[in-house]
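Asks: What follows is a single structure, and I will ask about it in a moment.
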Amino acid sequence: MAKLLVADDLVPIRQMVRITLSTQGWTIVEAKNGNEALELVRSEKPDLVLLDVDMGPGPNGFDVCRQIKADEATKDIPVVMLTAHESDSDRAIGFAAGATQYLTKPFGPLELIDTIRGILAHS
């Protein structure tokens, strides 16, 4: 089964995502900030990364995505932005950073599962 990294500074969001995604049999690894997300991407080698944009001090989700995509060892890992930043310019920044998909909060559990299934099926 796939291993997914969820990076969000808000515990309730990480819990909701973990509970939702673990129903699919996926292994969930959690990060509370951008630095922790980068460490876990390198050490855990997830099959997919879910990133919030605003995660407190340290790199934001866009920066983390750029760093994942710039690293030869992690550049092929799909990244989904999960964020309240819903403007067209924020979406453009996310895709320019290398995101595979961009979902805005609030998102439904089925939307999240379907998005991840589709990406994993093509990776």
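In the structure tokens, the first chain shown is A, the next is B, and so on; residue numbers restart at 1 for each chain, and ligands run from 1 in the order shown.
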Neighbouring residues of Phe107 (chain A) were defined as those with any atom within 12 Å, considering only C-alpha atoms; residues of the same chain fewer than 4 positions away were excluded. Please report them as a ChimeraX atom specification.

Replies: /A:13,16-17,20,81-84,86,102-103,111-115

Asks: Could you dump the residues just selected with N, CA and C atoms as a compact mmCIF listing (two decimals), in the first residue's frame?

Replies:
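Output file again_3.txt is given in full below:
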# COMPACT_ATOMS: atom_id res chain seq x y z
N ILE A 13 -6.66 19.21 11.30
CA ILE A 13 -6.61 18.93 9.86
C ILE A 13 -5.83 17.64 9.62
N MET A 16 -8.00 14.68 10.67
CA MET A 16 -9.08 14.42 9.73
C MET A 16 -8.55 13.74 8.48
N VAL A 17 -7.43 14.24 7.97
CA VAL A 17 -6.84 13.66 6.76
C VAL A 17 -6.36 12.24 7.05
N THR A 20 -9.36 9.89 7.38
CA THR A 20 -9.97 9.70 6.06
C THR A 20 -9.13 8.78 5.18
N MET A 81 -1.33 20.21 -3.04
CA MET A 81 -1.49 21.32 -2.11
C MET A 81 -2.90 21.23 -1.51
N LEU A 82 -2.99 21.29 -0.18
CA LEU A 82 -4.26 21.31 0.54
C LEU A 82 -4.27 22.60 1.34
N THR A 83 -5.00 23.60 0.89
CA THR A 83 -4.84 24.92 1.49
C THR A 83 -6.11 25.75 1.40
N ALA A 84 -6.18 26.77 2.25
CA ALA A 84 -7.29 27.73 2.18
C ALA A 84 -6.99 28.83 1.16
N GLU A 86 -7.14 30.18 -2.06
CA GLU A 86 -7.93 29.75 -3.21
C GLU A 86 -7.89 30.69 -4.42
N TYR A 102 -4.12 20.80 -6.75
CA TYR A 102 -4.32 21.89 -5.80
C TYR A 102 -5.75 21.82 -5.31
N LEU A 103 -5.94 21.45 -4.05
CA LEU A 103 -7.28 21.39 -3.46
C LEU A 103 -7.42 22.46 -2.40
N GLU A 111 -13.55 13.72 -2.36
CA GLU A 111 -12.73 14.50 -3.31
C GLU A 111 -11.25 14.23 -3.06
N LEU A 112 -10.86 14.20 -1.79
CA LEU A 112 -9.47 13.95 -1.44
C LEU A 112 -9.05 12.53 -1.84
N ILE A 113 -9.85 11.55 -1.49
CA ILE A 113 -9.54 10.16 -1.83
C ILE A 113 -9.47 9.97 -3.34
N ASP A 114 -10.45 10.49 -4.06
CA ASP A 114 -10.45 10.35 -5.53
C ASP A 114 -9.24 11.01 -6.17
N THR A 115 -8.86 12.18 -5.66
CA THR A 115 -7.69 12.89 -6.18
C THR A 115 -6.43 12.04 -5.99

Asks: I'd like the contact shell of region 38-44 of chain A - 12 Å cut-off, only C-alpha atoms, skipping same-chain residues fewer than 2 positions apart - returned as a ChimeraX atom specification.

Replies: /A:2-7,27-36,46-51,58-79

Asks: Please extract the residues of chain A with a backbone DSSP assignment of alpha helix (DSSP H) and present them as a ChimeraX atom specification.

Replies: /A:11-22,34-44,61-70,88-97,109-121

Asks: Which value, in Å to one decimal, gives the distance between CA of Asp90 (chain A) and CA of Thr104 (chain A)?

Replies: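 For CA of Asp90 (chain A) relative to CA of Thr104 (chain A), the distance reads 10.4 Å.
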
Asks: When DSSP is applied to the backbone of this structure, which of chain A are assigned strand (DSSP E)? Write them out as a PyMOL selection string.

Replies: chain A and resi 3-7+27-31+48-51+79-83+101-104

Asks: Could you check which of A:Val80, A:Leu110, A:Met1, A:Ala121 is closest to Phe95 (chain A), using only C-alpha atoms?

Replies: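 The shortest atom-to-atom distance to Phe95 (chain A) comes from A:Val80.
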
Asks: Of the candidates A:Ile93, A:Met55, A:Gly118, A:Lys45, which one gets nearest to Arg14 (chain A) if we count only C-alpha atoms?

Replies: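 Of the candidates, the smallest distance to Arg14 (chain A) is held by A:Met55.
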
Asks: For Gly94 (chain A), which of A:Pro57, A:Asp52, A:Ile19, A:Asp8 is the closest residue, counting only C-alpha atoms?

Replies: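 Among A:Pro57, A:Asp52, A:Ile19, A:Asp8, it is A:Asp52 that comes nearest to Gly94 (chain A).
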